[in-house]
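**Student:** One structure, as structure tokens, below. Some questions next.
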Amino acid sequence: MSEESQNKSGSAFERDLFCAQLGELVEKRGAIAHICKNAGLNRQQFNRYLSGENIPSLATAYRIASALGVSLDSLAGQAVTRETDPEKMPLDQLFNENASPNTGLVEPGFYWEITRYGDPSDQFVLSLTHFIPQKTGGLYYRYNQAARADGTIVPQEFWGRYYEAEGKVTVFQTNIRVRNTMGSMALRRLDGYGAELAGQKMGHRFISGARVTTSITALKFIGREMEQEPNQLLTGVKLRSEIPADIMVLYDSVLALSEAEPGRLHF
């Protein structure tokens with residue numbers, strides 16, 4: 001199910017209010033192409049938000065607000081509550097007060113993120129991840145698709161914050177649909193891997209009861225822009241044979257490195 005089909009009713013924000021606020025902000029700032037680029041959106045998608053045809057998800061609205069240089073409250077016309085506004089969360093305040101300036105470990109843009117799913121061991125979660133830098137650290141956004149028991153496909157969206165310190169990137173992420181903190185990652189830029197990142201992920205799994213899991217994850221850089229909508233990509237839980245070979249090769253090499261030098265990828 002795409003973001004557009006979910007948000008035509010305006011459930012994420014009051015449709016008219018959001019449309020009016022977005023139009024006013026764009027008129028003041030202009031350069032729609034620049035706004036789209038910084039928000040990771042194509043022009044056609046952005047035009048649907050401007051016209052009020054569609055309403056973005058919370059994560060997408062946050063990216064648009066960041067690209068416009070305003071708070072999420074301002075973009076939504078004060079329609080966002082304190083609890084759902086990332087700019088007012090204590091974690092965000094801690095980052096701004098204590099994290100060091102970016103050190104260039106993260107190449108801004110889009111990545112394939114792959115993590116082993118568990119048993120059976122040939123299943124992996126393939127996601128589209130977006131890193132959006134700010135003055136200190138930045139925003140982390142992850143998208144994949146999940147299959148319900150009835151066979152329908154629903155999107156899963158995660159947003160969070162990341163910061164760079166001591167040669168690694170630390171990411172904290174939340175599932176925005178259920179407002180549940182899903183865990184964190186510690187990633188490193190490895191020699192010989194270009195812009196790719198790899199590290200250890202700690203997360204919550206709710207199969208057979210809530211428990212904390214740790215796993216190796218690898219992120220392969222795609223580019224600074226994406227032409228496709230996230231829901232058009234074949235993300236989600238995949239068998240090894242369903243994952244593009246270049247992504248699987250990266251994961252296998254990172255896994256081998258982790259086993260040879262455990263301390264390199266872990267917290």
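Starting from 1 in every chain, residues are counted up; chains themselves are A, B, ... following the order of the structure tokens, and ligands are numbered from 1 as listed.
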Which residues of region 126-149 of chain A come within 12 Å of region 52-61 of chain A, and what is each one's closest atom pair and distance in Å (one decimal), counting only C-alpha atoms, sorted by chain and residue number, as JSON lines?
**Tutor:**
```
{"residue": "A:His130", "atom": "CA", "partner": "A:Ala59", "partner_atom": "CA", "distance": 10.9}
{"residue": "A:Ile132", "atom": "CA", "partner": "A:Thr60", "partner_atom": "CA", "distance": 11.8}
{"residue": "A:Leu139", "atom": "CA", "partner": "A:Ala59", "partner_atom": "CA", "distance": 9.9}
{"residue": "A:Tyr140", "atom": "CA", "partner": "A:Ala59", "partner_atom": "CA", "distance": 9.6}
{"residue": "A:Tyr141", "atom": "CA", "partner": "A:Ala59", "partner_atom": "CA", "distance": 7.2}
{"residue": "A:Arg142", "atom": "CA", "partner": "A:Ala59", "partner_atom": "CA", "distance": 9.3}
{"residue": "A:Tyr143", "atom": "CA", "partner": "A:Ala59", "partner_atom": "CA", "distance": 9.9}
```
**Student:** Work out how far apart CA of Tyr193 (chain A) and CA of Thr235 (chain A) are and give it in Å to one decimal.
**Tutor:**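 Result for CA of Tyr193 (chain A) versus CA of Thr235 (chain A): 22.7 Å, one decimal.
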**Student:** Write out as an NGL selection string which residues come within 8 Å of Leu126 (chain A) when counting only C-alpha atoms, dropping same-chain ones fewer than 6 positions away.
**Tutor:** :A and (112-115 or 144 or 235-238 or 243)
**Student:** Filtering to N, CA, C and O atoms, could you give me those residues as a compact mmCIF listing (two decimals), in the first residue's frame?
**Tutor:**
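So the final result, stored in result.txt, reads:
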```txt
# COMPACT_ATOMS: atom_id res chain seq x y z
N TRP A 112 20.92 1.04 0.46
CA TRP A 112 20.27 -0.23 0.74
C TRP A 112 20.76 -0.68 2.10
O TRP A 112 21.97 -0.71 2.35
N GLU A 113 19.86 -1.04 2.99
CA GLU A 113 20.25 -1.56 4.30
C GLU A 113 19.80 -3.01 4.39
O GLU A 113 18.64 -3.33 4.13
N ILE A 114 20.72 -3.89 4.75
CA ILE A 114 20.40 -5.31 4.80
C ILE A 114 20.85 -5.89 6.14
O ILE A 114 21.95 -5.62 6.62
N THR A 115 19.95 -6.66 6.75
CA THR A 115 20.22 -7.30 8.04
C THR A 115 19.64 -8.70 8.02
O THR A 115 18.55 -8.91 7.47
N ASN A 144 10.63 -0.09 4.52
CA ASN A 144 10.52 -1.39 3.87
C ASN A 144 9.06 -1.81 3.87
O ASN A 144 8.20 -1.12 4.43
N THR A 235 11.37 -4.12 -1.26
CA THR A 235 11.98 -4.20 0.05
C THR A 235 11.20 -5.15 0.95
O THR A 235 10.13 -5.62 0.60
N GLY A 236 11.74 -5.39 2.13
CA GLY A 236 11.07 -6.26 3.09
C GLY A 236 11.88 -7.50 3.37
O GLY A 236 13.08 -7.56 3.10
N VAL A 237 11.24 -8.53 3.92
CA VAL A 237 11.92 -9.79 4.22
C VAL A 237 12.11 -10.55 2.92
O VAL A 237 11.14 -10.85 2.22
N LYS A 238 13.36 -10.89 2.62
CA LYS A 238 13.68 -11.54 1.35
C LYS A 238 14.56 -12.76 1.59
O LYS A 238 15.35 -12.81 2.53
N ILE A 243 17.78 -11.20 -3.30
CA ILE A 243 18.50 -9.95 -3.05
C ILE A 243 19.54 -9.73 -4.14
O ILE A 243 20.25 -10.68 -4.52
```
**Student:** Contacts of Arg161 (chain A) at 7 Å or less, counting only C-alpha atoms, minus same-chain residues fewer than 2 places along, as a list of chain:residue names?
**Tutor:**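 Near neighbours after the sequence-gap exclusion: A:Gly138, A:Leu139, A:Tyr140, A:Tyr163, A:Val171, A:Phe172, A:Gln173.
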**Student:** Those selected residues, please, written with N, CA, C and O atoms and delivered as an mmCIF file, in the first residue's frame.
**Tutor:**
```
data_model
loop_
_atom_site.group_PDB
_atom_site.id
_atom_site.type_symbol
_atom_site.label_atom_id
_atom_site.label_comp_id
_atom_site.auth_asym_id
_atom_site.auth_seq_id
_atom_site.Cartn_x
_atom_site.Cartn_y
_atom_site.Cartn_z
ATOM 1 N N GLY A 138 22.216 14.181 12.208
ATOM 2 C CA GLY A 138 21.212 14.331 11.166
ATOM 3 C C GLY A 138 20.053 13.383 11.356
ATOM 4 O O GLY A 138 19.893 12.751 12.408
ATOM 5 N N LEU A 139 19.209 13.294 10.330
ATOM 6 C CA LEU A 139 18.011 12.466 10.362
ATOM 7 C C LEU A 139 18.259 11.144 9.656
ATOM 8 O O LEU A 139 18.957 11.089 8.640
ATOM 9 N N TYR A 140 17.669 10.109 10.194
ATOM 10 C CA TYR A 140 17.756 8.767 9.623
ATOM 11 C C TYR A 140 16.330 8.326 9.311
ATOM 12 O O TYR A 140 15.442 8.421 10.160
ATOM 13 N N TYR A 163 24.325 10.518 14.931
ATOM 14 C CA TYR A 163 25.431 11.450 15.139
ATOM 15 C C TYR A 163 26.746 10.705 14.963
ATOM 16 O O TYR A 163 26.807 9.477 15.025
ATOM 17 N N VAL A 171 23.098 5.446 15.480
ATOM 18 C CA VAL A 171 21.737 5.713 15.003
ATOM 19 C C VAL A 171 20.734 5.199 16.032
ATOM 20 O O VAL A 171 20.867 4.075 16.519
ATOM 21 N N PHE A 172 19.746 6.023 16.361
ATOM 22 C CA PHE A 172 18.614 5.586 17.169
ATOM 23 C C PHE A 172 17.365 5.702 16.304
ATOM 24 O O PHE A 172 17.150 6.741 15.667
ATOM 25 N N GLN A 173 16.540 4.655 16.271
ATOM 26 C CA GLN A 173 15.399 4.662 15.359
ATOM 27 C C GLN A 173 14.117 4.231 16.061
ATOM 28 O O GLN A 173 14.131 3.490 17.032
#
```
**Student:** Which of these, A:Cys19, A:Phe158, A:Lys28, A:Pro133, has the shortest distance to Gln145 (chain A) once you count only C-alpha atoms?
**Tutor:**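 Smallest distance to Gln145 (chain A) is found for A:Phe158.
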**Student:** I need the residue nearest Ala39 (chain A) from this list: A:Ser51, A:Ser127, A:Ser253, A:Ser66. Use only C-alpha atoms for the distance.
**Tutor:**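 That would be A:Ser66, the residue with the smallest distance to Ala39 (chain A).
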**Student:** Set the distance at 9 Å and use only C-alpha atoms: which residues neighbour Glu107 (chain A) once local chain neighbours fewer than 2 positions away are removed? I'd like the list as a VMD selection string.
**Tutor:** chain A and resid 104 to 105 109 to 110 131 133 195 to 196 221 223 to 224
**Student:** Of the candidates A:Ile216, A:Val70, A:Val125, A:Leu50, which one gets nearest to Leu257 (chain A) if we count only C-alpha atoms?
**Tutor:**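 With only C-alpha atoms as the atom set, the closest residue is A:Ile216.
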